[in-house]
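Content type mmCIF, C-alpha atoms, from the file entry-v7.cif:
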```cif
data_entry
#
loop_
_atom_site.group_PDB
_atom_site.id
_atom_site.type_symbol
_atom_site.label_atom_id
_atom_site.label_comp_id
_atom_site.auth_asym_id
_atom_site.auth_seq_id
_atom_site.Cartn_x
_atom_site.Cartn_y
_atom_site.Cartn_z
ATOM 1 C CA MET J 169 -100.698 14.300 86.447
ATOM 2 C CA LYS J 170 -97.855 12.075 87.502
ATOM 3 C CA ASN J 171 -97.405 14.130 90.643
ATOM 4 C CA LYS J 172 -101.059 13.652 91.544
ATOM 5 C CA ILE J 173 -100.806 9.905 91.049
ATOM 6 C CA PHE J 174 -97.679 9.819 93.225
ATOM 7 C CA ILE J 175 -99.446 11.736 95.982
ATOM 8 C CA VAL J 176 -102.454 9.402 95.882
ATOM 9 C CA VAL J 177 -100.224 6.329 96.023
ATOM 10 C CA LEU J 178 -98.164 7.781 98.890
ATOM 11 C CA PHE J 179 -101.317 8.661 100.831
ATOM 12 C CA SER J 180 -102.671 5.156 100.303
ATOM 13 C CA LEU J 181 -99.404 3.647 101.522
ATOM 14 C CA PHE J 182 -99.484 5.871 104.608
ATOM 15 C CA MET J 183 -103.046 4.796 105.423
ATOM 16 C CA PHE J 184 -102.051 1.156 104.966
ATOM 17 C CA LEU J 185 -99.111 1.485 107.341
ATOM 18 C CA PHE J 186 -101.186 3.413 109.849
ATOM 19 C CA GLY J 187 -103.887 0.770 109.762
ATOM 20 C CA CYS J 188 -101.364 -2.005 110.374
ATOM 21 C CA ASN J 189 -99.726 -0.190 113.280
ATOM 22 C CA LYS J 190 -102.526 0.434 115.758
ATOM 23 C CA GLY J 191 -100.142 0.386 118.700
ATOM 24 C CA PRO J 192 -100.185 -1.862 121.770
ATOM 25 C CA THR J 193 -103.412 -3.271 123.147
ATOM 26 C CA PRO J 194 -104.616 -2.224 126.621
ATOM 27 C CA GLN J 195 -103.486 -5.642 127.859
ATOM 28 C CA GLU J 196 -100.001 -5.021 126.527
ATOM 29 C CA GLU J 197 -99.906 -1.535 128.020
ATOM 30 C CA ILE J 198 -100.900 -2.926 131.419
ATOM 31 C CA TYR J 199 -98.183 -5.556 131.093
ATOM 32 C CA THR J 200 -95.609 -2.837 130.383
ATOM 33 C CA VAL J 201 -96.583 -0.897 133.509
ATOM 34 C CA LEU J 202 -96.651 -3.964 135.759
ATOM 35 C CA GLU J 203 -93.232 -5.093 134.602
ATOM 36 C CA GLU J 204 -91.833 -1.584 135.009
ATOM 37 C CA VAL J 205 -93.030 -1.812 138.616
ATOM 38 C CA VAL J 206 -90.921 -4.972 138.956
ATOM 39 C CA VAL J 207 -87.851 -3.142 137.645
ATOM 40 C CA ILE J 208 -88.407 -0.228 140.034
ATOM 41 C CA GLU J 209 -88.664 -2.627 142.969
ATOM 42 C CA ASP J 210 -85.202 -3.994 142.220
ATOM 43 C CA ALA J 211 -83.959 -1.193 144.471
ATOM 44 C CA PHE J 212 -86.279 -2.536 147.167
ATOM 45 C CA LYS J 213 -84.897 -6.066 146.811
ATOM 46 C CA GLU J 214 -81.321 -4.786 146.955
ATOM 47 C CA GLN J 215 -81.877 -3.733 150.566
ATOM 48 C CA GLN J 216 -83.013 -7.156 151.770
ATOM 49 C CA ASN J 217 -79.747 -9.081 152.169
ATOM 50 C CA PRO J 218 -77.773 -6.118 153.565
ATOM 51 C CA LEU J 219 -80.509 -5.565 156.164
ATOM 52 C CA VAL J 220 -80.378 -9.206 157.229
ATOM 53 C CA GLU J 221 -76.582 -9.101 157.502
ATOM 54 C CA LEU J 222 -76.713 -5.889 159.517
ATOM 55 C CA GLU J 223 -79.250 -7.414 161.897
ATOM 56 C CA LYS J 224 -77.006 -10.449 162.385
ATOM 57 C CA SER J 225 -73.963 -8.269 163.112
ATOM 58 C CA GLU J 226 -75.946 -6.190 165.569
ATOM 59 C CA LYS J 227 -77.218 -9.325 167.326
ATOM 60 C CA GLU J 228 -73.641 -10.521 167.792
ATOM 61 C CA LEU J 229 -72.681 -7.200 169.363
ATOM 62 C CA TYR J 230 -75.753 -7.246 171.595
ATOM 63 C CA ASP J 231 -74.974 -10.770 172.800
ATOM 64 C CA GLU J 232 -71.420 -9.737 173.655
ATOM 65 C CA ILE J 233 -72.606 -6.612 175.476
ATOM 66 C CA ILE J 234 -74.990 -8.465 177.763
ATOM 67 C CA SER J 235 -72.314 -11.073 178.518
ATOM 68 C CA LEU J 236 -70.082 -8.373 180.046
ATOM 69 C CA SER J 237 -70.171 -6.968 183.553
ATOM 70 C CA MET J 238 -69.986 -3.281 184.446
ATOM 71 C CA LYS J 239 -66.334 -3.855 185.332
ATOM 72 C CA GLU J 240 -65.845 -3.902 181.552
ATOM 73 C CA TYR J 241 -67.716 -0.646 181.074
ATOM 74 C CA ASP J 242 -65.283 0.754 178.497
ATOM 75 C CA ARG J 243 -65.751 -2.344 176.355
ATOM 76 C CA ILE J 244 -69.532 -2.040 176.706
ATOM 77 C CA VAL J 245 -69.409 1.565 175.506
ATOM 78 C CA THR J 246 -67.263 0.649 172.506
ATOM 79 C CA LEU J 247 -69.550 -2.201 171.474
ATOM 80 C CA SER J 248 -72.650 -0.066 172.042
ATOM 81 C CA GLU J 249 -71.297 2.639 169.756
ATOM 82 C CA GLN J 250 -70.595 0.039 167.081
ATOM 83 C CA ALA J 251 -74.102 -1.386 167.453
ATOM 84 C CA LEU J 252 -75.591 2.099 167.295
ATOM 85 C CA GLY J 253 -73.759 2.692 164.023
ATOM 86 C CA ILE J 254 -75.271 -0.491 162.610
ATOM 87 C CA VAL J 255 -78.749 0.578 163.722
ATOM 88 C CA GLU J 256 -78.247 3.922 161.988
ATOM 89 C CA GLU J 257 -77.350 2.097 158.772
ATOM 90 C CA ARG J 258 -80.404 -0.135 159.097
ATOM 91 C CA ASP J 259 -82.505 2.976 159.555
ATOM 92 C CA SER J 260 -81.055 4.456 156.369
ATOM 93 C CA ARG J 261 -81.577 1.279 154.361
ATOM 94 C CA ILE J 262 -85.206 0.916 155.418
ATOM 95 C CA ASP J 263 -85.751 4.501 154.223
ATOM 96 C CA HIS J 264 -84.266 3.578 150.822
ATOM 97 C CA GLU J 265 -86.536 0.543 150.752
ATOM 98 C CA TYR J 266 -89.536 2.737 151.520
ATOM 99 C CA GLU J 267 -88.589 5.193 148.777
ATOM 100 C CA SER J 268 -88.422 2.341 146.266
ATOM 101 C CA LEU J 269 -91.918 1.181 147.213
ATOM 102 C CA GLN J 270 -93.235 4.727 146.858
ATOM 103 C CA ASN J 271 -91.761 4.914 143.342
ATOM 104 C CA SER J 272 -93.332 1.551 142.592
ATOM 105 C CA LYS J 273 -96.680 2.797 143.857
ATOM 106 C CA ASN J 274 -96.524 5.912 141.694
ATOM 107 C CA GLU J 275 -95.784 3.845 138.596
ATOM 108 C CA PHE J 276 -98.539 1.371 139.417
ATOM 109 C CA GLN J 277 -101.160 4.145 139.455
ATOM 110 C CA LYS J 278 -100.885 4.277 135.652
ATOM 111 C CA VAL J 279 -102.753 0.971 135.505
ATOM 112 C CA HIS J 280 -106.053 2.552 136.547
ATOM 113 C CA GLU J 281 -106.659 4.475 133.320
ATOM 114 C CA LEU J 282 -105.505 1.506 131.231
ATOM 115 C CA ILE J 283 -108.043 -0.817 132.844
ATOM 116 C CA GLU J 284 -110.822 1.409 131.550
ATOM 117 C CA LYS J 285 -109.648 0.619 128.008
ATOM 118 C CA LEU J 286 -110.242 -3.117 128.457
ATOM 119 C CA GLU J 287 -113.266 -4.213 126.464
ATOM 120 C CA GLU J 288 -113.921 -7.567 128.122
ATOM 121 C CA ASP J 289 -115.789 -7.125 131.434
ATOM 122 C CA THR J 290 -114.425 -10.331 132.951
ATOM 123 C CA LEU J 291 -110.853 -9.281 132.226
ATOM 124 C CA LYS J 292 -111.557 -5.799 133.537
ATOM 125 C CA GLN J 293 -112.846 -7.209 136.830
ATOM 126 C CA GLU J 294 -109.797 -9.433 137.073
ATOM 127 C CA ALA J 295 -107.536 -6.423 136.559
ATOM 128 C CA LEU J 296 -109.425 -4.487 139.245
ATOM 129 C CA SER J 297 -108.944 -7.383 141.661
ATOM 130 C CA LEU J 298 -105.253 -7.301 140.840
ATOM 131 C CA VAL J 299 -105.150 -3.595 141.652
ATOM 132 C CA GLU J 300 -106.911 -4.218 144.963
ATOM 133 C CA LEU J 301 -104.341 -6.849 145.901
ATOM 134 C CA MET J 302 -101.462 -4.547 145.052
ATOM 135 C CA ASN J 303 -102.976 -1.643 146.978
ATOM 136 C CA ASN J 304 -103.383 -3.920 149.998
ATOM 137 C CA ARG J 305 -99.734 -4.877 149.554
ATOM 138 C CA TYR J 306 -98.696 -1.223 149.566
ATOM 139 C CA ASP J 307 -100.840 -0.571 152.657
ATOM 140 C CA SER J 308 -99.302 -3.535 154.455
ATOM 141 C CA TYR J 309 -95.841 -2.223 153.668
ATOM 142 C CA GLU J 310 -96.761 1.144 155.187
ATOM 143 C CA GLU J 311 -97.637 -0.744 158.353
ATOM 144 C CA LEU J 312 -94.383 -2.722 158.161
ATOM 145 C CA TYR J 313 -92.300 0.405 157.609
ATOM 146 C CA LYS J 314 -93.848 2.278 160.531
ATOM 147 C CA SER J 315 -93.406 -0.734 162.837
ATOM 148 C CA TYR J 316 -89.787 -1.141 161.779
ATOM 149 C CA LYS J 317 -89.030 2.546 162.345
ATOM 150 C CA VAL J 318 -90.457 2.330 165.866
ATOM 151 C CA ALA J 319 -88.394 -0.792 166.579
ATOM 152 C CA VAL J 320 -85.242 0.900 165.285
ATOM 153 C CA SER J 321 -85.850 3.929 167.505
ATOM 154 C CA TYR J 322 -86.101 1.595 170.520
ATOM 155 C CA ASP J 323 -82.846 -0.084 169.465
ATOM 156 C CA LYS J 324 -81.099 3.282 169.431
ATOM 157 C CA GLU J 325 -82.359 4.077 172.914
ATOM 158 C CA LEU J 326 -81.149 0.694 174.147
ATOM 159 C CA TYR J 327 -77.555 1.225 173.018
ATOM 160 C CA LYS J 328 -77.552 4.693 174.524
ATOM 161 C CA LEU J 329 -78.730 3.157 177.790
ATOM 162 C CA PHE J 330 -75.844 0.695 177.706
ATOM 163 C CA GLN J 331 -73.479 3.662 177.726
ATOM 164 C CA GLN J 332 -74.771 4.891 181.091
ATOM 165 C CA GLU J 333 -72.327 3.856 183.770
ATOM 166 C CA ASP J 334 -74.973 3.997 186.512
ATOM 167 C CA LEU J 335 -77.501 1.960 184.514
ATOM 168 C CA SER J 336 -79.865 -0.143 186.628
ATOM 169 C CA ILE J 337 -81.686 -3.288 185.567
ATOM 170 C CA GLU J 338 -85.218 -1.795 185.623
ATOM 171 C CA PRO J 339 -84.967 0.702 182.736
ATOM 172 C CA LEU J 340 -82.886 -1.797 180.775
ATOM 173 C CA GLN J 341 -85.504 -4.527 181.119
ATOM 174 C CA GLU J 342 -88.269 -2.063 180.279
ATOM 175 C CA GLN J 343 -86.472 -1.064 177.078
ATOM 176 C CA ILE J 344 -85.876 -4.683 176.092
ATOM 177 C CA ASN J 345 -89.578 -5.409 176.594
ATOM 178 C CA LEU J 346 -90.472 -2.495 174.314
ATOM 179 C CA ILE J 347 -88.074 -3.814 171.681
ATOM 180 C CA ASN J 348 -89.489 -7.342 171.842
ATOM 181 C CA GLU J 349 -93.049 -6.061 171.497
ATOM 182 C CA SER J 350 -92.133 -3.809 168.593
ATOM 183 C CA TYR J 351 -90.435 -6.627 166.675
ATOM 184 C CA ASP J 352 -93.469 -8.849 167.208
ATOM 185 C CA GLN J 353 -95.398 -6.185 165.301
ATOM 186 C CA VAL J 354 -92.686 -6.045 162.624
ATOM 187 C CA ILE J 355 -92.867 -9.816 162.132
ATOM 188 C CA ALA J 356 -96.682 -9.768 161.892
ATOM 189 C CA ALA J 357 -96.625 -6.882 159.395
ATOM 190 C CA ASN J 358 -93.906 -8.563 157.354
ATOM 191 C CA GLU J 359 -95.903 -11.800 157.124
ATOM 192 C CA LYS J 360 -98.930 -9.855 155.912
ATOM 193 C CA PHE J 361 -96.819 -8.037 153.316
ATOM 194 C CA ASN J 362 -95.308 -11.311 152.075
ATOM 195 C CA ASP J 363 -98.757 -12.895 151.786
ATOM 196 C CA TYR J 364 -100.068 -10.009 149.693
ATOM 197 C CA THR J 365 -96.924 -10.103 147.549
ATOM 198 C CA GLU J 366 -97.332 -13.816 146.862
ATOM 199 C CA ASN J 367 -101.061 -13.497 146.103
ATOM 200 C CA TYR J 368 -100.447 -10.516 143.826
ATOM 201 C CA ASN J 369 -97.756 -12.330 141.847
ATOM 202 C CA LEU J 370 -100.002 -15.355 141.336
ATOM 203 C CA ALA J 371 -102.921 -13.152 140.302
ATOM 204 C CA LYS J 372 -100.691 -11.239 137.888
ATOM 205 C CA ILE J 373 -99.617 -14.437 136.134
ATOM 206 C CA THR J 374 -103.253 -15.506 135.845
ATOM 207 C CA PHE J 375 -104.194 -12.103 134.414
ATOM 208 C CA TYR J 376 -101.445 -12.325 131.805
ATOM 209 C CA LYS J 377 -102.668 -15.766 130.784
ATOM 210 C CA ASN J 378 -106.324 -14.741 130.533
ATOM 211 C CA ALA J 379 -105.339 -11.575 128.679
ATOM 212 C CA GLY J 380 -103.722 -13.719 125.990
ATOM 213 C CA LEU J 381 -100.208 -12.494 126.774
ATOM 214 C CA ASP J 382 -97.454 -14.987 126.064
ATOM 215 C CA VAL J 383 -95.233 -14.385 129.074
ATOM 216 C CA THR J 384 -92.489 -16.779 130.192
ATOM 217 C CA TYR J 385 -91.148 -16.580 133.744
ATOM 218 C CA LYS J 386 -87.730 -17.881 134.699
#
```
Here is the file; what I need is its structure written in the form of structure tokens.
Amino acid sequence: MKNKIFIVVLFSLFMFLFGCNKGPTPQEEIYTVLEEVVVIEDAFKEQQNPLVELEKSEKELYDEIISLSMKEYDRIVTLSEQALGIVEERDSRIDHEYESLQNSKNEFQKVHELIEKLEEDTLKQEALSLVELMNNRYDSYEELYKSYKVAVSYDKELYKLFQQEDLSIEPLQEQINLINESYDQVIAANEKFNDYTENYNLAKITFYKNAGLDVTYK
């Protein structure tokens, strides 16, 4: 008899604990995914400053190259090889940046099924708008990445041209024009990406607030 009573009491305690521990709400689950996306994109952010520094170093080499005459051909070749090495590193870093965004995108996809769990229609629509913003951000980065890769390929061709001893002004000017046009596209794509990033971050904060999540940003 005592054993039966013990079993009943234990079962009741289990049901009590189970009832008190229903797990995270859909809002909290969405928060977890969105903040995991932030962590994943740390690898993306880590490429930013090195890329800027590499671009500055390359610009210095380029400026020195075009200040030289063909009488200093050996010096031009040396500087061009150095610049080409920098371009190769930029190319590698932009690939790492792209990989980080792809990982971010894969993680973000988990949000879709969680949105369906939201009971409040207004909050659900807000979450869907957030998803649309983020997807536009990912699409704009695809455009940025492709533009940057094209620009980098033109940079490589330029420094190979500089190493031709019989180089004439026409192909050089043509290559420089291609580079300038390609970086105009990079700048435009980057501005679009930054705009979507800013709008997404603002919308995310608003969603957290309306979802009743007490989130403090530093």
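Checking J:Ile244, J:Ala319, J:Ile347, J:Leu301 one by one against Gln332 of chain J, counting all atoms listed in the file, you find the shortest gap at J:Ile244.
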Which residues fall under the PyMOL selection byres ((chain J and resi 369-377) around 12) in this file, as a PDB file with C-alpha atoms, in the coordinates of the input?
```
ATOM      1  CA  PRO J 194    -104.616  -2.224 126.621  1.00  0.00           C
ATOM      2  CA  GLN J 195    -103.486  -5.642 127.859  1.00  0.00           C
ATOM      3  CA  GLU J 196    -100.001  -5.021 126.527  1.00  0.00           C
ATOM      4  CA  GLU J 197     -99.906  -1.535 128.020  1.00  0.00           C
ATOM      5  CA  ILE J 198    -100.900  -2.926 131.419  1.00  0.00           C
ATOM      6  CA  TYR J 199     -98.183  -5.556 131.093  1.00  0.00           C
ATOM      7  CA  THR J 200     -95.609  -2.837 130.383  1.00  0.00           C
ATOM      8  CA  VAL J 201     -96.583  -0.897 133.509  1.00  0.00           C
ATOM      9  CA  LEU J 202     -96.651  -3.964 135.759  1.00  0.00           C
ATOM     10  CA  GLU J 203     -93.232  -5.093 134.602  1.00  0.00           C
ATOM     11  CA  VAL J 205     -93.030  -1.812 138.616  1.00  0.00           C
ATOM     12  CA  VAL J 206     -90.921  -4.972 138.956  1.00  0.00           C
ATOM     13  CA  THR J 290    -114.425 -10.331 132.951  1.00  0.00           C
ATOM     14  CA  LEU J 291    -110.853  -9.281 132.226  1.00  0.00           C
ATOM     15  CA  LYS J 292    -111.557  -5.799 133.537  1.00  0.00           C
ATOM     16  CA  GLN J 293    -112.846  -7.209 136.830  1.00  0.00           C
ATOM     17  CA  GLU J 294    -109.797  -9.433 137.073  1.00  0.00           C
ATOM     18  CA  ALA J 295    -107.536  -6.423 136.559  1.00  0.00           C
ATOM     19  CA  LEU J 296    -109.425  -4.487 139.245  1.00  0.00           C
ATOM     20  CA  SER J 297    -108.944  -7.383 141.661  1.00  0.00           C
ATOM     21  CA  LEU J 298    -105.253  -7.301 140.840  1.00  0.00           C
ATOM     22  CA  VAL J 299    -105.150  -3.595 141.652  1.00  0.00           C
ATOM     23  CA  GLU J 300    -106.911  -4.218 144.963  1.00  0.00           C
ATOM     24  CA  LEU J 301    -104.341  -6.849 145.901  1.00  0.00           C
ATOM     25  CA  MET J 302    -101.462  -4.547 145.052  1.00  0.00           C
ATOM     26  CA  ARG J 305     -99.734  -4.877 149.554  1.00  0.00           C
ATOM     27  CA  ASN J 362     -95.308 -11.311 152.075  1.00  0.00           C
ATOM     28  CA  ASP J 363     -98.757 -12.895 151.786  1.00  0.00           C
ATOM     29  CA  TYR J 364    -100.068 -10.009 149.693  1.00  0.00           C
ATOM     30  CA  THR J 365     -96.924 -10.103 147.549  1.00  0.00           C
ATOM     31  CA  GLU J 366     -97.332 -13.816 146.862  1.00  0.00           C
ATOM     32  CA  ASN J 367    -101.061 -13.497 146.103  1.00  0.00           C
ATOM     33  CA  TYR J 368    -100.447 -10.516 143.826  1.00  0.00           C
ATOM     34  CA  ASN J 378    -106.324 -14.741 130.533  1.00  0.00           C
ATOM     35  CA  ALA J 379    -105.339 -11.575 128.679  1.00  0.00           C
ATOM     36  CA  GLY J 380    -103.722 -13.719 125.990  1.00  0.00           C
ATOM     37  CA  LEU J 381    -100.208 -12.494 126.774  1.00  0.00           C
ATOM     38  CA  ASP J 382     -97.454 -14.987 126.064  1.00  0.00           C
ATOM     39  CA  VAL J 383     -95.233 -14.385 129.074  1.00  0.00           C
ATOM     40  CA  THR J 384     -92.489 -16.779 130.192  1.00  0.00           C
ATOM     41  CA  TYR J 385     -91.148 -16.580 133.744  1.00  0.00           C
TER      42      TYR J 385
END
```
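Here atom CA of Lys360 of chain J and atom CA of Tyr313 of chain J stand 12.3 Å from one another.
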Grab all the atoms of segment 312-331 of chain J that the file lists, wrap them in a box along x, y and z, add 6 Å per side, and give me centre plus edge lengths in Å (one decimal) as JSON.
```
{"center_x": -83.9, "center_y": 1.0, "center_z": 167.7, "size_x": 32.9, "size_y": 19.4, "size_z": 32.2}
```
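Ranking J:Asn303, J:Ser336, J:Gln343, J:Ser272 by their shortest atom-to-atom distance to Tyr322 of chain J, with all atoms listed in the file included, puts J:Gln343 first.
Once the PyMOL selection byres ((chain J and resi 355) around 12) is applied to this file, the selection holds Ser308, Tyr309, Glu311, Leu312, Tyr313, Ser315, Tyr316, Ala319, Asn348, Glu349, Ser350, Tyr351, Asp352, Gln353, Val354, Ala356, Ala357, Asn358, Glu359, Lys360, Phe361 and Asn362 of chain J.
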Residues from the last selection, C-alpha atoms, saved as a PDB file, keeping the file's coordinate frame:
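again_3.pdb written:
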```pdb
ATOM      1  CA  SER J 308     -99.302  -3.535 154.455  1.00  0.00           C
ATOM      2  CA  TYR J 309     -95.841  -2.223 153.668  1.00  0.00           C
ATOM      3  CA  GLU J 311     -97.637  -0.744 158.353  1.00  0.00           C
ATOM      4  CA  LEU J 312     -94.383  -2.722 158.161  1.00  0.00           C
ATOM      5  CA  TYR J 313     -92.300   0.405 157.609  1.00  0.00           C
ATOM      6  CA  SER J 315     -93.406  -0.734 162.837  1.00  0.00           C
ATOM      7  CA  TYR J 316     -89.787  -1.141 161.779  1.00  0.00           C
ATOM      8  CA  ALA J 319     -88.394  -0.792 166.579  1.00  0.00           C
ATOM      9  CA  ASN J 348     -89.489  -7.342 171.842  1.00  0.00           C
ATOM     10  CA  GLU J 349     -93.049  -6.061 171.497  1.00  0.00           C
ATOM     11  CA  SER J 350     -92.133  -3.809 168.593  1.00  0.00           C
ATOM     12  CA  TYR J 351     -90.435  -6.627 166.675  1.00  0.00           C
ATOM     13  CA  ASP J 352     -93.469  -8.849 167.208  1.00  0.00           C
ATOM     14  CA  GLN J 353     -95.398  -6.185 165.301  1.00  0.00           C
ATOM     15  CA  VAL J 354     -92.686  -6.045 162.624  1.00  0.00           C
ATOM     16  CA  ALA J 356     -96.682  -9.768 161.892  1.00  0.00           C
ATOM     17  CA  ALA J 357     -96.625  -6.882 159.395  1.00  0.00           C
ATOM     18  CA  ASN J 358     -93.906  -8.563 157.354  1.00  0.00           C
ATOM     19  CA  GLU J 359     -95.903 -11.800 157.124  1.00  0.00           C
ATOM     20  CA  LYS J 360     -98.930  -9.855 155.912  1.00  0.00           C
ATOM     21  CA  PHE J 361     -96.819  -8.037 153.316  1.00  0.00           C
ATOM     22  CA  ASN J 362     -95.308 -11.311 152.075  1.00  0.00           C
TER      23      ASN J 362
END
```
Practice prompt. Give me, please, the distance in Å between atom CA of Lys328 of chain J and atom CA of Glu249 of chain J, quoted to one decimal.
Written response: 8.1 Å
Worksheet item: Which residues fall under the PyMOL selection byres ((chain J and resi 265) around 12) in this file, as a count of residues only?
Response: 31
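Computed from the coordinates, the atom CA of Pro192 of chain J to atom CA of Lys273 of chain J distance equals 22.8 Å.
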Practice prompt. Just the residues within 12 Å of Ser248 of chain J, please, counting all atoms listed in the file, with nothing from its chain fewer than 6 positions along; format it as a PyMOL selection string.
Written response: chain J and resi 226-234+236+241-242+254-255+323-332
